[in-house]
file protein28.tsv (TSV, C-alpha atoms and all ligand atoms)
chain	number	residue	atom	x	y	z
A	1	MET	CA	-12.80	-14.84	24.46
A	2	ARG	CA	-13.57	-11.18	23.77
A	3	LEU	CA	-12.76	-9.82	20.31
A	4	LEU	CA	-12.34	-6.16	19.36
A	5	ILE	CA	-12.57	-5.17	15.69
A	6	THR	CA	-11.20	-1.65	15.43
A	7	ARG	CA	-13.23	-0.43	12.40
A	8	PRO	CA	-16.59	-1.12	10.77
A	9	MET	CA	-16.27	-3.99	8.24
A	10	THR	CA	-18.34	-5.16	5.26
A	11	THR	CA	-21.74	-6.62	6.19
A	12	ALA	CA	-20.60	-10.20	5.46
A	13	VAL	CA	-17.59	-9.89	7.77
A	14	GLU	CA	-19.54	-8.21	10.59
A	15	GLU	CA	-22.26	-10.88	10.38
A	16	ARG	CA	-19.72	-13.70	10.61
A	17	ALA	CA	-17.86	-12.01	13.48
A	18	ARG	CA	-21.11	-11.60	15.46
A	19	ALA	CA	-22.15	-15.21	14.76
A	20	GLU	CA	-18.81	-16.75	15.78
A	21	PHE	CA	-17.34	-14.50	18.46
A	22	ASP	CA	-18.12	-12.34	21.50
A	23	VAL	CA	-17.27	-9.22	19.52
A	24	VAL	CA	-17.24	-5.45	19.88
A	25	ILE	CA	-17.06	-3.65	16.55
A	26	ARG	CA	-15.81	-0.11	17.11
A	27	PRO	CA	-18.09	2.20	15.09
A	28	GLU	CA	-15.50	4.92	14.33
A	29	THR	CA	-13.51	4.89	11.06
A	30	SER	CA	-10.55	6.76	12.61
A	31	VAL	CA	-7.32	5.12	13.85
A	32	LEU	CA	-7.18	4.01	17.50
A	33	SER	CA	-5.90	6.61	19.97
A	34	HIS	CA	-3.05	5.71	22.33
A	35	GLU	CA	-5.55	5.18	25.17
A	36	GLU	CA	-7.74	2.95	22.98
A	37	MET	CA	-4.74	0.77	22.13
A	38	ILE	CA	-3.84	0.38	25.81
A	39	CYS	CA	-7.49	-0.51	26.51
A	40	ALA	CA	-7.53	-2.98	23.60
A	41	LEU	CA	-4.50	-4.83	25.01
A	42	ARG	CA	-5.90	-4.82	28.56
A	43	GLU	CA	-9.57	-5.65	28.00
A	44	TYR	CA	-9.75	-7.97	24.98
A	45	ASP	CA	-8.30	-11.43	24.29
A	46	LEU	CA	-8.22	-10.90	20.53
A	47	VAL	CA	-7.91	-7.70	18.50
A	48	MET	CA	-8.36	-7.13	14.76
A	49	PRO	CA	-6.46	-3.87	14.14
A	50	THR	CA	-5.71	-2.28	10.80
A	51	LEU	CA	-3.71	0.42	9.01
A	52	GLY	CA	-2.68	3.26	11.30
A	53	ASP	CA	-3.39	1.48	14.61
A	54	GLY	CA	0.15	2.11	15.87
A	55	PHE	CA	0.90	-0.76	18.24
A	56	ASP	CA	4.50	0.33	18.79
A	57	ALA	CA	6.98	-0.61	21.52
A	58	GLY	CA	5.76	2.31	23.68
A	59	VAL	CA	2.20	0.94	23.75
A	60	PHE	CA	3.37	-2.56	24.70
A	61	SER	CA	5.66	-1.14	27.40
A	62	GLU	CA	2.64	0.44	29.12
A	63	VAL	CA	0.73	-2.84	29.42
A	64	ALA	CA	2.64	-5.21	31.71
A	65	GLU	CA	0.75	-8.43	31.02
A	66	PRO	CA	-1.65	-7.92	28.13
A	67	ARG	CA	-4.90	-9.89	28.20
A	68	CYS	CA	-4.71	-9.69	24.39
A	69	LYS	CA	-2.86	-12.67	22.90
A	70	LEU	CA	-3.48	-12.06	19.16
A	71	LEU	CA	-3.34	-9.04	16.85
A	72	ALA	CA	-5.01	-10.38	13.70
A	73	ASN	CA	-4.23	-7.50	11.37
A	74	PHE	CA	-6.71	-6.61	8.62
A	75	GLY	CA	-4.26	-6.00	5.75
A	76	VAL	CA	-0.96	-7.42	4.55
A	77	GLY	CA	1.16	-4.40	5.59
A	78	ILE	CA	2.11	-4.57	9.27
A	79	ASN	CA	4.50	-1.61	9.48
A	80	HIS	CA	2.20	-0.01	12.10
A	81	ILE	CA	2.81	-2.94	14.49
A	82	ASP	CA	6.13	-3.55	16.26
A	83	VAL	CA	6.11	-7.32	15.77
A	84	GLY	CA	9.21	-7.79	17.98
A	85	ALA	CA	7.64	-5.86	20.87
A	86	ALA	CA	4.38	-7.80	20.40
A	87	LYS	CA	6.23	-11.12	20.54
A	88	ALA	CA	8.14	-10.05	23.66
A	89	ALA	CA	4.77	-9.22	25.29
A	90	GLY	CA	3.38	-12.65	24.35
A	91	VAL	CA	1.16	-11.31	21.55
A	92	VAL	CA	1.04	-13.22	18.25
A	93	VAL	CA	0.56	-11.22	15.00
A	94	SER	CA	-1.13	-12.39	11.79
A	95	ASN	CA	-1.98	-10.59	8.52
A	96	THR	CA	-3.95	-11.08	5.29
A	97	PRO	CA	-1.49	-11.72	2.42
A	98	GLY	CA	-2.73	-12.78	-1.01
A	99	ALA	CA	-6.27	-11.45	-0.59
A	100	VAL	CA	-4.99	-7.98	-1.47
A	101	THR	CA	-2.68	-8.82	-4.37
A	102	ASP	CA	-4.80	-8.44	-7.52
A	103	ALA	CA	-6.74	-5.37	-6.36
A	104	THR	CA	-3.54	-3.54	-5.40
A	105	ALA	CA	-1.87	-4.50	-8.70
A	106	ASP	CA	-4.95	-3.15	-10.50
A	107	ILE	CA	-4.57	0.20	-8.71
A	108	ALA	CA	-0.90	0.31	-9.76
A	109	LEU	CA	-1.99	-0.14	-13.38
A	110	THR	CA	-4.66	2.54	-12.88
A	111	LEU	CA	-1.95	4.94	-11.69
A	112	ILE	CA	0.50	4.01	-14.47
A	113	LEU	CA	-2.16	4.72	-17.08
A	114	MET	CA	-3.52	7.83	-15.37
A	115	SER	CA	-0.06	9.33	-14.91
A	116	ALA	CA	1.19	8.45	-18.40
A	117	ARG	CA	-2.00	9.60	-20.16
A	118	ARG	CA	-2.60	12.66	-17.93
A	119	ALA	CA	-6.06	11.34	-17.05
A	120	GLY	CA	-6.45	13.29	-13.78
A	121	GLU	CA	-5.47	16.52	-15.49
A	122	GLY	CA	-7.84	15.76	-18.38
A	123	GLU	CA	-10.73	14.98	-16.05
A	124	ARG	CA	-10.18	18.27	-14.22
A	125	LEU	CA	-10.17	20.10	-17.58
A	126	VAL	CA	-13.51	18.62	-18.63
A	127	ARG	CA	-15.07	19.31	-15.22
A	128	SER	CA	-13.85	22.93	-15.35
A	129	GLY	CA	-16.05	23.60	-18.41
A	130	ASP	CA	-13.01	25.12	-20.20
A	131	TRP	CA	-12.20	22.25	-22.56
A	132	PRO	CA	-11.82	23.88	-25.99
A	133	GLY	CA	-12.26	20.57	-27.89
A	134	TRP	CA	-9.92	18.02	-29.50
A	135	HIS	CA	-6.84	19.02	-31.46
A	136	PRO	CA	-3.81	17.01	-32.59
A	137	THR	CA	-1.33	18.32	-30.03
A	138	GLN	CA	-3.61	18.63	-27.01
A	139	MET	CA	-2.48	17.11	-23.70
A	140	LEU	CA	0.05	14.72	-25.18
A	141	GLY	CA	1.14	12.08	-22.70
A	142	GLN	CA	3.31	8.99	-22.83
A	143	HIS	CA	2.69	5.75	-24.67
A	144	VAL	CA	2.62	2.81	-22.19
A	145	THR	CA	2.65	-0.23	-24.51
A	146	GLY	CA	6.12	-1.66	-25.10
A	147	LYS	CA	7.86	0.52	-22.52
A	148	LYS	CA	10.19	-0.52	-19.67
A	149	LEU	CA	8.81	-1.24	-16.21
A	150	GLY	CA	10.90	-1.23	-13.02
A	151	VAL	CA	9.46	-2.87	-9.89
A	152	ILE	CA	10.99	-2.19	-6.49
A	153	GLY	CA	9.87	-5.18	-4.37
A	154	MET	CA	9.06	-8.14	-6.62
A	155	GLY	CA	6.81	-9.97	-4.13
A	156	ARG	CA	3.16	-10.96	-4.53
A	157	ILE	CA	1.94	-7.49	-5.59
A	158	GLY	CA	5.08	-6.50	-7.50
A	159	THR	CA	4.90	-9.72	-9.53
A	160	ALA	CA	1.17	-9.21	-10.21
A	161	ILE	CA	1.94	-5.71	-11.52
A	162	ALA	CA	4.80	-7.00	-13.67
A	163	ARG	CA	2.59	-9.79	-15.06
A	164	ARG	CA	-0.09	-7.29	-16.07
A	165	CYS	CA	2.50	-5.01	-17.69
A	166	HIS	CA	4.33	-7.86	-19.48
A	167	PHE	CA	1.32	-9.75	-20.84
A	168	GLY	CA	-1.13	-6.85	-21.16
A	169	PHE	CA	1.14	-4.08	-22.40
A	170	GLY	CA	4.16	-5.92	-23.85
A	171	MET	CA	6.46	-4.17	-21.41
A	172	GLN	CA	10.02	-5.21	-20.60
A	173	VAL	CA	10.31	-5.94	-16.87
A	174	PHE	CA	13.20	-5.03	-14.56
A	175	TYR	CA	13.08	-5.36	-10.78
A	176	ASN	CA	14.87	-5.00	-7.48
A	177	ALA	CA	14.29	-7.45	-4.61
A	178	ARG	CA	16.39	-9.11	-1.95
A	179	SER	CA	16.37	-12.42	-3.82
A	180	GLU	CA	16.27	-13.61	-7.44
A	181	LYS	CA	12.74	-14.34	-8.76
A	182	SER	CA	11.35	-16.68	-11.42
A	183	PRO	CA	7.98	-15.10	-12.24
A	184	GLY	CA	7.37	-17.21	-15.36
A	185	PHE	CA	8.17	-14.44	-17.85
A	186	ASP	CA	11.30	-12.46	-18.73
A	187	ALA	CA	12.31	-10.19	-15.85
A	188	THR	CA	15.79	-8.81	-15.20
A	189	ARG	CA	16.96	-8.20	-11.64
A	190	LEU	CA	19.06	-5.07	-11.11
A	191	LEU	CA	20.75	-4.91	-7.71
A	192	ASP	CA	21.40	-1.18	-7.78
A	193	LEU	CA	18.31	1.00	-7.31
A	194	GLN	CA	19.77	3.97	-9.17
A	195	GLN	CA	20.63	1.71	-12.11
A	196	LEU	CA	17.03	0.41	-12.08
A	197	ALA	CA	15.67	3.97	-11.88
A	198	ALA	CA	17.83	5.08	-14.82
A	199	GLU	CA	16.78	2.10	-16.96
A	200	VAL	CA	12.99	2.31	-16.91
A	201	ASP	CA	10.06	4.45	-18.08
A	202	PHE	CA	7.80	3.52	-15.15
A	203	LEU	CA	9.25	2.87	-11.68
A	204	VAL	CA	6.77	1.19	-9.33
A	205	VAL	CA	7.26	0.90	-5.57
A	206	ALA	CA	5.89	-2.36	-4.08
A	207	VAL	CA	8.08	-3.11	-1.03
A	208	PRO	CA	6.71	-3.34	2.53
A	209	GLY	CA	7.03	-0.22	4.71
A	210	GLY	CA	9.04	-0.05	7.94
A	211	ALA	CA	12.48	1.01	9.13
A	212	GLU	CA	14.35	-1.09	6.55
A	213	THR	CA	12.71	0.51	3.51
A	214	ARG	CA	12.11	4.06	4.82
A	215	HIS	CA	13.21	6.56	2.12
A	216	LEU	CA	14.51	3.74	-0.10
A	217	VAL	CA	13.41	6.00	-2.96
A	218	ASN	CA	15.40	9.11	-2.04
A	219	ALA	CA	16.66	12.16	-3.94
A	220	ASP	CA	19.47	10.13	-5.55
A	221	VAL	CA	17.09	7.48	-6.90
A	222	LEU	CA	14.72	10.17	-8.20
A	223	ALA	CA	17.65	12.04	-9.79
A	224	ALA	CA	18.63	8.85	-11.64
A	225	MET	CA	15.21	8.62	-13.33
A	226	GLN	CA	14.84	9.82	-16.91
A	227	PRO	CA	12.96	13.13	-17.45
A	228	HIS	CA	10.11	11.35	-19.27
A	229	ALA	CA	9.73	8.67	-16.55
A	230	HIS	CA	6.93	8.26	-13.99
A	231	LEU	CA	7.11	7.11	-10.36
A	232	ILE	CA	4.22	5.04	-9.00
A	233	ASN	CA	3.82	4.23	-5.28
A	234	ILE	CA	1.22	1.73	-4.12
A	235	ALA	CA	3.27	0.44	-1.16
A	236	ARG	CA	3.70	2.76	1.82
A	237	GLY	CA	4.25	6.51	1.72
A	238	GLU	CA	7.36	6.43	3.89
A	239	VAL	CA	9.26	4.35	1.30
A	240	VAL	CA	9.49	7.49	-0.88
A	241	GLN	CA	11.13	10.64	0.46
A	242	GLN	CA	8.13	12.88	-0.14
A	243	GLU	CA	10.01	16.23	-0.04
A	244	ALA	CA	12.46	14.97	-2.67
A	245	LEU	CA	9.58	13.74	-4.85
A	246	ILE	CA	7.83	17.11	-4.64
A	247	ALA	CA	11.07	18.86	-5.65
A	248	ALA	CA	11.55	16.47	-8.61
A	249	LEU	CA	7.98	17.08	-9.78
A	250	GLN	CA	8.18	20.85	-9.27
A	251	GLY	CA	11.43	20.97	-11.25
A	252	GLN	CA	9.89	18.70	-13.91
A	253	ARG	CA	12.92	16.45	-13.52
A	254	ILE	CA	10.53	13.51	-13.90
A	255	ALA	CA	7.37	13.52	-16.01
A	256	GLY	CA	4.91	12.55	-13.33
A	257	ALA	CA	3.94	10.47	-10.34
A	258	GLY	CA	0.97	8.34	-9.37
A	259	LEU	CA	0.45	7.94	-5.64
A	260	ASP	CA	-1.94	5.81	-3.60
A	261	VAL	CA	-0.05	6.35	-0.32
A	262	TYR	CA	1.65	9.28	1.44
A	263	GLU	CA	4.48	9.72	3.90
A	264	PHE	CA	2.33	11.36	6.59
A	265	GLU	CA	-1.02	9.89	5.61
A	266	PRO	CA	-3.76	11.15	5.58
A	267	GLU	CA	-1.97	14.51	5.35
A	268	VAL	CA	-1.18	15.33	1.73
A	269	PRO	CA	0.96	18.48	1.48
A	270	GLN	CA	-0.43	21.52	-0.33
A	271	ASP	CA	2.70	21.52	-2.55
A	272	LEU	CA	1.77	18.07	-3.81
A	273	ARG	CA	-1.92	18.89	-4.25
A	274	GLU	CA	-1.05	21.97	-6.34
A	275	LEU	CA	1.00	20.03	-8.90
A	276	SER	CA	-0.73	19.02	-12.11
A	277	ASN	CA	1.80	16.27	-12.96
A	278	VAL	CA	0.84	14.02	-10.05
A	279	THR	CA	-2.15	11.68	-9.72
A	280	LEU	CA	-3.39	11.41	-6.13
A	281	LEU	CA	-5.58	8.54	-4.91
A	282	PRO	CA	-6.83	8.10	-1.31
A	283	HIS	CA	-5.20	4.72	-0.53
A	284	LEU	CA	-7.63	2.78	-2.74
A	285	GLY	CA	-5.38	-0.30	-3.23
A	286	THR	CA	-7.73	-2.93	-1.78
A	287	ALA	CA	-10.93	-0.89	-1.83
A	288	THR	CA	-13.40	-3.26	-3.45
A	289	GLN	CA	-16.36	-4.93	-1.77
A	290	GLU	CA	-15.07	-8.42	-2.59
A	291	VAL	CA	-11.50	-7.83	-1.46
A	292	ARG	CA	-12.38	-6.09	1.80
A	293	SER	CA	-14.66	-9.06	2.61
A	294	ALA	CA	-11.92	-11.55	1.67
A	295	MET	CA	-9.46	-9.69	3.93
A	296	GLY	CA	-11.96	-9.70	6.80
A	297	HIS	CA	-12.65	-13.42	6.40
A	298	MET	CA	-8.91	-14.12	6.31
A	299	ALA	CA	-8.39	-12.18	9.55
A	300	LEU	CA	-11.33	-14.05	11.13
A	301	ASP	CA	-9.88	-17.39	9.93
A	302	ASN	CA	-6.70	-16.57	11.85
A	303	ILE	CA	-8.74	-15.65	14.93
A	304	ALA	CA	-10.80	-18.85	14.68
A	305	ALA	CA	-7.62	-20.94	14.37
A	306	PHE	CA	-6.13	-19.20	17.40
A	307	VAL	CA	-9.26	-19.81	19.49
A	308	ALA	CA	-9.26	-23.49	18.44
A	309	GLY	CA	-5.59	-23.82	19.41
A	310	GLN	CA	-4.58	-24.58	15.83
A	311	PRO	CA	-1.62	-23.18	13.84
A	312	LEU	CA	-2.44	-19.76	12.35
A	313	PRO	CA	-2.75	-19.73	8.54
A	314	ASN	CA	-1.02	-16.35	8.29
A	315	GLN	CA	1.21	-15.80	11.32
A	316	VAL	CA	3.79	-13.06	10.70
B	1	LIG	P1	5.53	-9.41	-0.27
B	1	LIG	O1	4.96	-10.54	-1.08
B	1	LIG	O2	6.16	-9.72	1.04
B	1	LIG	O3	6.59	-8.68	-1.21
B	1	LIG	C1	7.50	-7.74	-0.77
B	1	LIG	C2	8.69	-7.71	-1.71
B	1	LIG	O4	9.54	-6.65	-1.29
B	1	LIG	C3	9.52	-8.96	-1.72
B	1	LIG	O5	9.82	-9.28	-3.06
B	1	LIG	C4	10.79	-8.60	-0.98
B	1	LIG	O6	11.92	-9.23	-1.51
B	1	LIG	C5	10.87	-7.13	-1.32
B	1	LIG	N1	11.67	-6.39	-0.34
B	1	LIG	C6	11.51	-6.33	0.99
B	1	LIG	N2	12.43	-5.51	1.54
B	1	LIG	C7	13.16	-5.05	0.50
B	1	LIG	C8	14.26	-4.18	0.39
B	1	LIG	N3	14.80	-3.61	1.49
B	1	LIG	N4	14.75	-3.91	-0.84
B	1	LIG	C9	14.23	-4.47	-1.94
B	1	LIG	N5	13.18	-5.31	-1.90
B	1	LIG	C10	12.66	-5.59	-0.69
B	1	LIG	O7	4.42	-8.32	0.03
B	1	LIG	P2	3.14	-7.94	-0.87
B	1	LIG	O8	2.00	-8.78	-0.48
B	1	LIG	O9	3.56	-7.87	-2.29
B	1	LIG	O10	2.85	-6.46	-0.29
B	1	LIG	C11	3.81	-5.43	-0.40
B	1	LIG	C12	3.38	-4.21	0.36
B	1	LIG	O11	2.36	-3.52	-0.35
B	1	LIG	C13	2.72	-4.46	1.72
B	1	LIG	O12	3.68	-4.67	2.73
B	1	LIG	C14	1.91	-3.22	1.95
B	1	LIG	O13	2.60	-2.26	2.69
B	1	LIG	C15	1.66	-2.68	0.54
B	1	LIG	N6	0.22	-2.70	0.18
B	1	LIG	C16	-0.40	-1.55	-0.15
B	1	LIG	C17	-1.75	-1.57	-0.46
B	1	LIG	C18	-2.51	-0.33	-0.81
B	1	LIG	O14	-3.68	-0.25	-0.48
B	1	LIG	N7	-1.92	0.63	-1.50
B	1	LIG	C19	-2.46	-2.78	-0.43
B	1	LIG	C20	-1.78	-3.94	-0.11
B	1	LIG	C21	-0.42	-3.91	0.22
B	1	LIG	P3	12.26	-10.79	-1.22
B	1	LIG	O15	11.11	-11.57	-1.80
B	1	LIG	O16	13.51	-11.04	-1.96
B	1	LIG	O17	12.36	-10.93	0.27
call {"tool": "encode", "arguments": {"input": "protein28.tsv", "output": "structure tokens"}}
result
Amino acid sequence: MRLLITRPMTTAVEERARAEFDVVIRPETSVLSHEEMICALREYDLVMPTLGDGFDAGVFSEVAEPRCKLLANFGVGINHIDVGAAKAAGVVVSNTPGAVTDATADIALTLILMSARRAGEGERLVRSGDWPGWHPTQMLGQHVTGKKLGVIGMGRIGTAIARRCHFGFGMQVFYNARSEKSPGFDATRLLDLQQLAAEVDFLVVAVPGGAETRHLVNADVLAAMQPHAHLINIARGEVVQQEALIAALQGQRIAGAGLDVYEFEPEVPQDLRELSNVTLLPHLGTATQEVRSAMGHMALDNIAAFVAGQPLPNQV
């Protein structure tokens, strides 16, 4: 069976893929073009795609009987794949849940702290050479310890964020999810997003992307937040209505935002880049050597199971 891996991987993952499979590892770091996706479905039995490789219904409709039988996604988020269209075309989809949880929760904490303590702004000040030196009222931010956290999407990552905030920072946890959770510490579910937004000091977005959650955090949710509150998004850019967020930040109707993801990634609007009260990271959620290797091995485990005719460990 021929395997296509759509991006360069860590050395460990590439070595294993070459040892176990008849593999082509695409050398480019860019997302697949439409033509490359058609070619992937026609010429390979197995494909390991990742973020931005948009296997939508249109792509599947152009390939009558795909040779490809498995899209083993590298990453937990599969909003770039139309799973229904894949299934209808006879293509199974798997992902890499769990491997990404702690690293992504760590980036959420990085953004909470950076946004609250104005760390990006402070770093820019020092680098500019214009820092006049310490004084008692310079660059005052927000205290994090003991504050209220709101998590939208209390799944693996949302719970890992809440755990860090509860045990590490003594924060009171509130959340919104489709079902009641028992995370093992006090956490209050609020069914209404605006009520959750109004309650907390830090509102963190951790739901999957896709049609169901697009613009879940809209102008009304942002308007419900308190003026000293911060919005953190480590999920998918499209979950937050970016124009409404920019307006809220420009009007200083919220204190700040920490973003790892963007609505039209990798495009980050000039209006957002010009604001000092927003911390901007380049989708670093899972970007550690260990985690990217763990994700690659998990995707390869799914491919190996498929080739052996066994149940997939992580079928979507
Ligand atoms: P997960 O375990 O499936 O958790 C998702 C949570 O969202 C669940 O609690 C689910 O509620 C909740 N949810 C789903 N739809 C909802 C809705 N319409 N309203 C409210 N809650 C909703 O997924 P995960 O592993 O934590 O990953 C979450 C997402 O993070 C991924 O899909 C991915 O897009 C993103 N991510 C980003 C990075 C990064 O690099 N920044 C890295 C990894 C993942 P129920 O449990 O009640 O169904």
call {"tool": "residues_near_ligand", "arguments": {"input": "protein28.tsv", "ligand": "ligand LIG 1 (chain B)", "cutoff": "8 Å", "atoms": "all atoms listed in the file", "output": "PyMOL selection string"}}
result
chain A and resi 75-79+97-98+100-101+103-104+107+152-159+176-181+206-209+212-213+216+233-236+260-261+283-287
call {"tool": "write_last_selection", "arguments": {"input": "protein28.tsv", "atoms": "C-alpha atoms", "output": "mmCIF file, in the frame of the given file"}}
result
data_model
loop_
_atom_site.group_PDB
_atom_site.id
_atom_site.type_symbol
_atom_site.label_atom_id
_atom_site.label_comp_id
_atom_site.auth_asym_id
_atom_site.auth_seq_id
_atom_site.Cartn_x
_atom_site.Cartn_y
_atom_site.Cartn_z
ATOM 1 C CA GLY A 75 -4.260 -6.000 5.750
ATOM 2 C CA VAL A 76 -0.960 -7.420 4.550
ATOM 3 C CA GLY A 77 1.160 -4.400 5.590
ATOM 4 C CA ILE A 78 2.110 -4.570 9.270
ATOM 5 C CA ASN A 79 4.500 -1.610 9.480
ATOM 6 C CA PRO A 97 -1.490 -11.720 2.420
ATOM 7 C CA GLY A 98 -2.730 -12.780 -1.010
ATOM 8 C CA VAL A 100 -4.990 -7.980 -1.470
ATOM 9 C CA THR A 101 -2.680 -8.820 -4.370
ATOM 10 C CA ALA A 103 -6.740 -5.370 -6.360
ATOM 11 C CA THR A 104 -3.540 -3.540 -5.400
ATOM 12 C CA ILE A 107 -4.570 0.200 -8.710
ATOM 13 C CA ILE A 152 10.990 -2.190 -6.490
ATOM 14 C CA GLY A 153 9.870 -5.180 -4.370
ATOM 15 C CA MET A 154 9.060 -8.140 -6.620
ATOM 16 C CA GLY A 155 6.810 -9.970 -4.130
ATOM 17 C CA ARG A 156 3.160 -10.960 -4.530
ATOM 18 C CA ILE A 157 1.940 -7.490 -5.590
ATOM 19 C CA GLY A 158 5.080 -6.500 -7.500
ATOM 20 C CA THR A 159 4.900 -9.720 -9.530
ATOM 21 C CA ASN A 176 14.870 -5.000 -7.480
ATOM 22 C CA ALA A 177 14.290 -7.450 -4.610
ATOM 23 C CA ARG A 178 16.390 -9.110 -1.950
ATOM 24 C CA SER A 179 16.370 -12.420 -3.820
ATOM 25 C CA GLU A 180 16.270 -13.610 -7.440
ATOM 26 C CA LYS A 181 12.740 -14.340 -8.760
ATOM 27 C CA ALA A 206 5.890 -2.360 -4.080
ATOM 28 C CA VAL A 207 8.080 -3.110 -1.030
ATOM 29 C CA PRO A 208 6.710 -3.340 2.530
ATOM 30 C CA GLY A 209 7.030 -0.220 4.710
ATOM 31 C CA GLU A 212 14.350 -1.090 6.550
ATOM 32 C CA THR A 213 12.710 0.510 3.510
ATOM 33 C CA LEU A 216 14.510 3.740 -0.100
ATOM 34 C CA ASN A 233 3.820 4.230 -5.280
ATOM 35 C CA ILE A 234 1.220 1.730 -4.120
ATOM 36 C CA ALA A 235 3.270 0.440 -1.160
ATOM 37 C CA ARG A 236 3.700 2.760 1.820
ATOM 38 C CA ASP A 260 -1.940 5.810 -3.600
ATOM 39 C CA VAL A 261 -0.050 6.350 -0.320
ATOM 40 C CA HIS A 283 -5.200 4.720 -0.530
ATOM 41 C CA LEU A 284 -7.630 2.780 -2.740
ATOM 42 C CA GLY A 285 -5.380 -0.300 -3.230
ATOM 43 C CA THR A 286 -7.730 -2.930 -1.780
ATOM 44 C CA ALA A 287 -10.930 -0.890 -1.830
#
call {"tool": "atom_distance", "arguments": {"input": "protein28.tsv", "atom1": "CA of Leu41 in chain A", "atom2": "CA of Ala211 in chain A"}}
result
24.0 Å
call {"tool": "closest_residue", "arguments": {"input": "protein28.tsv", "among": "A:Thr279, A:Ser182, A:Asn314, A:Ser94", "to": "Leu70 in chain A", "atoms": "only C-alpha atoms"}}
result
A:Ser94
call {"tool": "closest_atom_pairs", "arguments": {"input": "protein28.tsv", "of": "range 38-133 of chain A", "to": "range 293-300 of chain A", "cutoff": "6 Å", "atoms": "only C-alpha atoms", "output": "CSV"}}
result
residue,atom,partner,partner_atom,distance
A:Ala72,CA,A:Ala299,CA,5.6
A:Phe74,CA,A:Ala299,CA,5.9
A:Thr96,CA,A:Met295,CA,5.8
A:Ala99,CA,A:Met295,CA,5.8
call {"tool": "closest_residue", "arguments": {"input": "protein28.tsv", "among": "A:His34, A:Ala255, A:Arg42, A:Arg67", "to": "Phe55 in chain A", "atoms": "all atoms listed in the file"}}
result
A:His34
call {"tool": "axis_aligned_box", "arguments": {"input": "protein28.tsv", "around": "range 205-215 of chain A", "padding_each_side": "8 Å", "output": "lines of an AutoDock Vina configuration file"}}
result
center_x = 10.1
center_y = 1.6
center_z = 1.8
size_x = 24.5
size_y = 25.9
size_z = 30.7
call {"tool": "residues_around", "arguments": {"input": "protein28.tsv", "residues": "Asp271 in chain A", "least_positions_apart": "4", "cutoff": "9 Å", "atoms": "all atoms listed in the file", "output": "list in words"}}
result
Ile246, Gln250 and Leu275 of chain A
call {"tool": "residues_around", "arguments": {"input": "protein28.tsv", "residues": "Cys68 in chain A", "least_positions_apart": "3", "cutoff": "12 Å", "atoms": "all atoms listed in the file", "output": "JSON, numbers by chain"}}
result
{"A": [1, 2, 3, 4, 37, 38, 39, 40, 41, 42, 43, 44, 45, 46, 47, 48, 49, 60, 63, 64, 65, 71, 72, 86, 87, 89, 90, 91, 92, 93, 303, 306]}
